[in-house]
Amino acid sequence: MSAVPELRITLAGTERAVAAGTTAGQALDADGRTVIAARVNGEPRDLDHEVADGDTVEPIEIGSDEGRSILRHSAAHIMAQAVQELFPEAKLGIGPPIDNGFYYDFDVAEPFTPDDLKRIEKRMLEIVKQGQRFERRAVSDDDARAELAAEPYKLELIGLKGGAGDAAEGASVEVGAGGLTIYDNVHPRTGELCWKDLCRGPHLPTTRAVPAVKLMRSAAAYWRGSEKNPQLQRIYGTAWESRDALKEYLAFLEEAEKRDHRKLGAELDLFSFPDELGSGLAVFHPKGGVVRKEMEQYSRRRHEEAGYEFVNTPHISKAKLFETSGHLPNYAESMFPPMEFEGQDYYLKAMNCPMHNLVFRARGRSYRELPLRLFEFGTVYRYEKSGVVHGLTRARGFTQDDAHIYCTTEQMPDELDTLLTFVLDLLRDYGLSDFYLELSTRGDSDKFIGEPEEWAEATETLRQAAQKQDLDLVMDPGGAAYYGPKISVQARDAIGRTWQMSTIQVDFQQPKRFNLEYTAADGSRRTPVMLHRALFGSIERFFAVLLEHYAGAFPAWLAPVQAVGIPIADEHVPYLNDVAARMRAEGLRVEVDASDDRMQKKIRNAQKQKVPFMLLAGDDDVSKGAVSFRYRDGSQNNGVPVADAIAELRAAVHDRRG
RNA sequence: GCCGACGUAGCUCAAUUGGCAGAGCAAUCGCCUUGUAAGCGAUAGGUUAGGGGUUCAAGUCCCCUCGUCGGCUCCA
């Protein structure tokens, strides 16, 4: 590298001279293990990409988001190579990096077995050990077609190039916007070509730069994401910048499994899904009922304070109502089939809004009544496809905390503003604190109805309301409901997973379809704007989110049993019964464990039920008129006078603390 | 709905690969029990998801139905 400098590049913010032919890796002095790629003028590139005069070159580290994507994409290549070595008939689909890992789709005669996955993973580790080089090569479309003649799916992707919007998710990693490139995997010593794939890149310099990789599962997936296409076999894997990072990820998965609300629901005796009822239909047990009742009561109180009026509507209706609302033509297949009697089709309601519209329309409305906020815990039934039901988060019958707000166009900005603040405040009260907002807008599809100007205005109003909150705002183009744009509140839970919580939707359509009117101050008749909003989404779903967020250890105000009295010996039971009675008189949910079990066993049982407070009493406590606290975390506070203990419980419940 | 895996006592899991359905926990009964996560004993609990088939013999093999799980698609 003693040649006369010929190029000037920018490195770490300072300009530097390098010889012509210098690669990004050389410029960065990259080791290929921690710095595994480069960003050249903002574009990710391989380390052996030659820099040009005036380039800005930055390192990409393997542990960064971008670095992990490159690592995972490279791991997907390695997996595909292993698969084709072991299953020469396998045809390649696509293989992009995804959150926490990667996948690759294959067309094979037989689905992969867990045993196959083990063999594939073993072969992958051999490839990693070999240290094959990833080498980039530009090809013409025709050459690519010739080289990939045996890969029908790749040929299809080449044909799609340019029409990127049409391509399946992930296909852009194969064929970018520019010319086609193929990556060759080359044996480091023999120079032998081991494998190749159509790919935009970039990649790790060699397979050896994969520090930790593991195959997770296989499953079928439709080619290019369409039900109409054949199903390919997808293998999911994960790859990380270190063994420790992989271990941490696996521990996270284990923790998520422990928190699974379906599992906790059974362990804590909260709810169940009896087969006799049918798929996706839950029964809440007494303990789950307590949690649910507390959730509802608090919500109801806050809604009352916020000016909502409570309505009740039936569970079934003549078909005509849902035709008027516009739901039946569009969404008949996700409603339960109708029951027919008295010459009419009756449907189970899948949404509450049409019924609320009827409440609005029941009499003449004045502008003085607006905004009119109608609230209902409305139970709806949706015929979810059999493969999608999932515990309480995707059920076939569930109760929405549903409200519809009718207001004037002029009132809408203020209403949205206070609504969003109200929603976030309430979610915080339930213990969620980490949010971002998503704004879902109209897409190209013809499923969206209504005037573009109305959409634009509503979208802008939503955006302004969102921006007043000091939260990140993510755009979701095409994600709107067919009748209007929406804001949704996304919450991160205790272990960092995000859940879509509340939605706020603007609807210009239904007021028109239902001929909703109010009389304005000047005596004219006008059509109100309608806002749909649910905070929990569904009570069941929110229940599940809280259950997983708290890992079953609900804060005292929600806990089914807030305290358990545990006697040291039988003779202390009457004393604890008396303490418990005093606490119950204060509205606290307290039980005494008077069973034949030993005190240690009782503690274990209460601990497993995640009861917030254990109140122990033996001779010491009885003589002092006290109880000894044991908290869920194992800590203790002994000899607390009963009056203080009651005050402590009351305060914890009142403040909605642990 | 599609692909795959799975379904044994309330729960978690056995059953030597086609040869007598069993254990721990939970439940019930009894004995015992003074300090922070399992005291001891006994009893009861099953048409092996349901139905059909192959076989001298089926929890085990085959087919159908139902359900669950993991994905795909979908989520107004």
# chains A, B, ... in the order shown; residues from 1 in each chain; ligands from 1
call {"tool": "closest_atom_pairs", "arguments": {"of": "chain B", "to": "chain A", "cutoff": "7 Å", "atoms": "only C-alpha atoms (C1' of nucleotides)", "output": "CSV"}}
result
residue,atom,partner,partner_atom,distance
B:G1,C1',A:Lys385,CA,6.5
B:C3,C1',A:Ala220,CA,4.8
B:G4,C1',A:Ala219,CA,6.4
B:U33,C1',A:Arg598,CA,6.0
B:U34,C1',A:Ile568,CA,5.7
B:G35,C1',A:Ile568,CA,6.6
B:U36,C1',A:Gln600,CA,6.9
B:A37,C1',A:Arg604,CA,4.1
B:A38,C1',A:Lys601,CA,5.8
B:G67,C1',A:Asp275,CA,6.6
B:G71,C1',A:Ala219,CA,4.8
B:C72,C1',A:Ala221,CA,4.2
B:U73,C1',A:Glu227,CA,5.7
B:A76,C1',A:Ala481,CA,6.2
call {"tool": "residues_around", "arguments": {"residues": "range 51-64 of chain B", "least_positions_apart": "5", "cutoff": "8 Å", "atoms": "only C-alpha atoms (C1' of nucleotides)", "output": "ChimeraX atom specification"}}
result
/B:8,17-19,21
call {"tool": "write_last_selection", "arguments": {"atoms": "N, CA and C atoms (P, O5', C5', C4', C3', O3' and C1' of nucleotides)", "output": "compact mmCIF listing (two decimals), in the first residue's frame"}}
result
# COMPACT_ATOMS: atom_id res chain seq x y z
P U B 8 -53.07 -36.24 26.22
O5' U B 8 -53.07 -37.83 26.43
C5' U B 8 -54.29 -38.56 26.32
C4' U B 8 -54.22 -39.79 27.16
C3' U B 8 -54.01 -39.57 28.65
O3' U B 8 -55.20 -39.22 29.32
C1' U B 8 -52.53 -41.23 27.90
P U B 17 -39.33 -53.27 22.45
O5' U B 17 -39.27 -52.66 20.97
C5' U B 17 -40.20 -53.17 20.04
C4' U B 17 -41.44 -52.28 19.97
C3' U B 17 -41.85 -51.94 18.53
O3' U B 17 -43.27 -51.77 18.52
C1' U B 17 -41.39 -49.96 19.69
P G B 18 -44.06 -51.91 17.19
O5' G B 18 -45.53 -52.25 17.70
C5' G B 18 -46.03 -51.68 18.89
C4' G B 18 -46.82 -52.70 19.67
C3' G B 18 -46.04 -53.96 20.05
O3' G B 18 -46.57 -54.50 21.25
C1' G B 18 -47.85 -54.56 18.74
P G B 19 -45.86 -54.24 22.69
O5' G B 19 -46.67 -55.22 23.65
C5' G B 19 -48.00 -54.87 24.07
C4' G B 19 -48.54 -55.97 24.96
C3' G B 19 -47.58 -56.48 26.01
O3' G B 19 -48.31 -56.93 27.14
C1' G B 19 -48.10 -58.23 24.51
P A B 21 -54.05 -53.87 30.24
O5' A B 21 -53.18 -52.57 30.52
C5' A B 21 -53.25 -51.97 31.78
C4' A B 21 -52.22 -50.88 31.84
C3' A B 21 -52.28 -50.06 33.11
O3' A B 21 -51.44 -50.66 34.08
C1' A B 21 -52.28 -48.62 31.23
call {"tool": "closest_residue", "arguments": {"among": "A:Arg189, A:Arg33, A:Arg428, A:Lys118", "to": "Val489 in chain A", "atoms": "only C-alpha atoms"}}
result
A:Arg428
call {"tool": "closest_atom_pairs", "arguments": {"of": "range 335-355 of chain A", "to": "range 294-317 of chain A", "cutoff": "7 Å", "atoms": "only C-alpha atoms", "output": "Markdown table"}}
result
| residue | atom | partner | partner_atom | distance |
| --- | --- | --- | --- | --- |
| A:Tyr346 | CA | A:Ser317 | CA | 5.3 |
| A:Tyr347 | CA | A:Ile316 | CA | 5.4 |
| A:Leu348 | CA | A:Ile316 | CA | 4.4 |
| A:Lys349 | CA | A:Ile316 | CA | 5.4 |
| A:Met355 | CA | A:Thr313 | CA | 6.4 |
call {"tool": "write_last_selection", "arguments": {"atoms": "N, CA and C atoms", "output": "tab-separated table (two decimals), in the first residue's frame"}}
result
chain	number	residue	atom	x	y	z
A	346	TYR	N	-80.55	-13.54	10.59
A	346	TYR	CA	-80.03	-12.80	11.74
A	346	TYR	C	-78.55	-13.13	11.90
A	347	TYR	N	-77.76	-12.10	12.16
A	347	TYR	CA	-76.33	-12.29	12.36
A	347	TYR	C	-75.92	-11.99	13.80
A	348	LEU	N	-74.95	-12.77	14.28
A	348	LEU	CA	-74.28	-12.38	15.52
A	348	LEU	C	-73.46	-11.13	15.21
A	349	LYS	N	-73.46	-10.18	16.11
A	349	LYS	CA	-72.73	-8.96	15.77
A	349	LYS	C	-71.23	-9.18	15.86
A	355	MET	N	-74.96	-0.60	15.86
A	355	MET	CA	-75.96	-0.49	16.93
A	355	MET	C	-75.87	0.90	17.58
call {"tool": "residues_around", "arguments": {"residues": "range 126-142 of chain A", "least_positions_apart": "2", "cutoff": "10 Å", "atoms": "only C-alpha atoms (C1' of nucleotides)", "output": "ChimeraX atom specification"}}
result
/A:46,48-49,74-75,77-79,81-82,120-124,144-148,155,158-159,161,179-189,191-213
call {"tool": "residues_around", "arguments": {"residues": "A26 in chain B", "least_positions_apart": "2", "cutoff": "12 Å", "atoms": "only C-alpha atoms (C1' of nucleotides)", "output": "list in words"}}
result
Glu267 and Asn605 of chain A; A9, G10, C11, U12, G24, U28 and G45 of chain B
call {"tool": "residues_around", "arguments": {"residues": "Gly42 in chain A", "least_positions_apart": "6", "cutoff": "9 Å", "atoms": "only C-alpha atoms (C1' of nucleotides)", "output": "PDB file with C-alpha atoms, in the first residue's frame"}}
result
ATOM      1  CA  THR A  56     -17.710   8.386   2.532  1.00  0.00           C
ATOM      2  CA  VAL A  57     -16.916   5.083   4.232  1.00  0.00           C
ATOM      3  CA  GLU A  58     -18.261   3.937   7.584  1.00  0.00           C
TER       4      GLU A  58
END
call {"tool": "select_by_dssp", "arguments": {"residues": "range 183-240 of chain A", "states": "helix (DSSP H, G or I)", "output": "ChimeraX atom specification"}}
result
/A:207-209,223-225
call {"tool": "residues_around", "arguments": {"residues": "Thr503 in chain A", "least_positions_apart": "5", "cutoff": "9 Å", "atoms": "only C-alpha atoms (C1' of nucleotides)", "output": "compact mmCIF listing (two decimals) with N, CA and C atoms, in the first residue's frame"}}
result
# COMPACT_ATOMS: atom_id res chain seq x y z
N LYS A 486 -56.47 5.44 10.79
CA LYS A 486 -56.49 5.19 12.23
C LYS A 486 -55.13 5.44 12.86
N ILE A 487 -55.17 5.73 14.15
CA ILE A 487 -53.97 5.75 14.97
C ILE A 487 -54.05 4.56 15.88
N SER A 488 -52.95 3.84 16.01
CA SER A 488 -52.98 2.80 17.03
C SER A 488 -51.84 3.03 18.00
N VAL A 489 -52.09 2.67 19.24
CA VAL A 489 -51.09 2.79 20.29
C VAL A 489 -50.42 1.44 20.44
N HIS A 532 -64.25 5.88 15.94
CA HIS A 532 -64.32 4.58 16.62
C HIS A 532 -63.10 4.51 17.54
N ARG A 533 -63.28 4.01 18.72
CA ARG A 533 -62.10 3.82 19.55
C ARG A 533 -62.30 2.71 20.57
N ALA A 534 -61.27 1.93 20.75
CA ALA A 534 -61.25 0.92 21.80
C ALA A 534 -59.89 1.03 22.46
N LEU A 535 -59.87 1.02 23.80
CA LEU A 535 -58.60 1.17 24.50
C LEU A 535 -57.92 -0.17 24.71
N PHE A 536 -58.72 -1.10 25.21
CA PHE A 536 -58.17 -2.44 25.42
C PHE A 536 -58.11 -3.19 24.09
N GLY A 537 -58.85 -2.75 23.12
CA GLY A 537 -59.06 -3.57 21.93
C GLY A 537 -60.17 -4.54 22.26
call {"tool": "atom_distance", "arguments": {"atom1": "CA of Met583 in chain A", "atom2": "CA of Gln562 in chain A"}}
result
10.3 Å
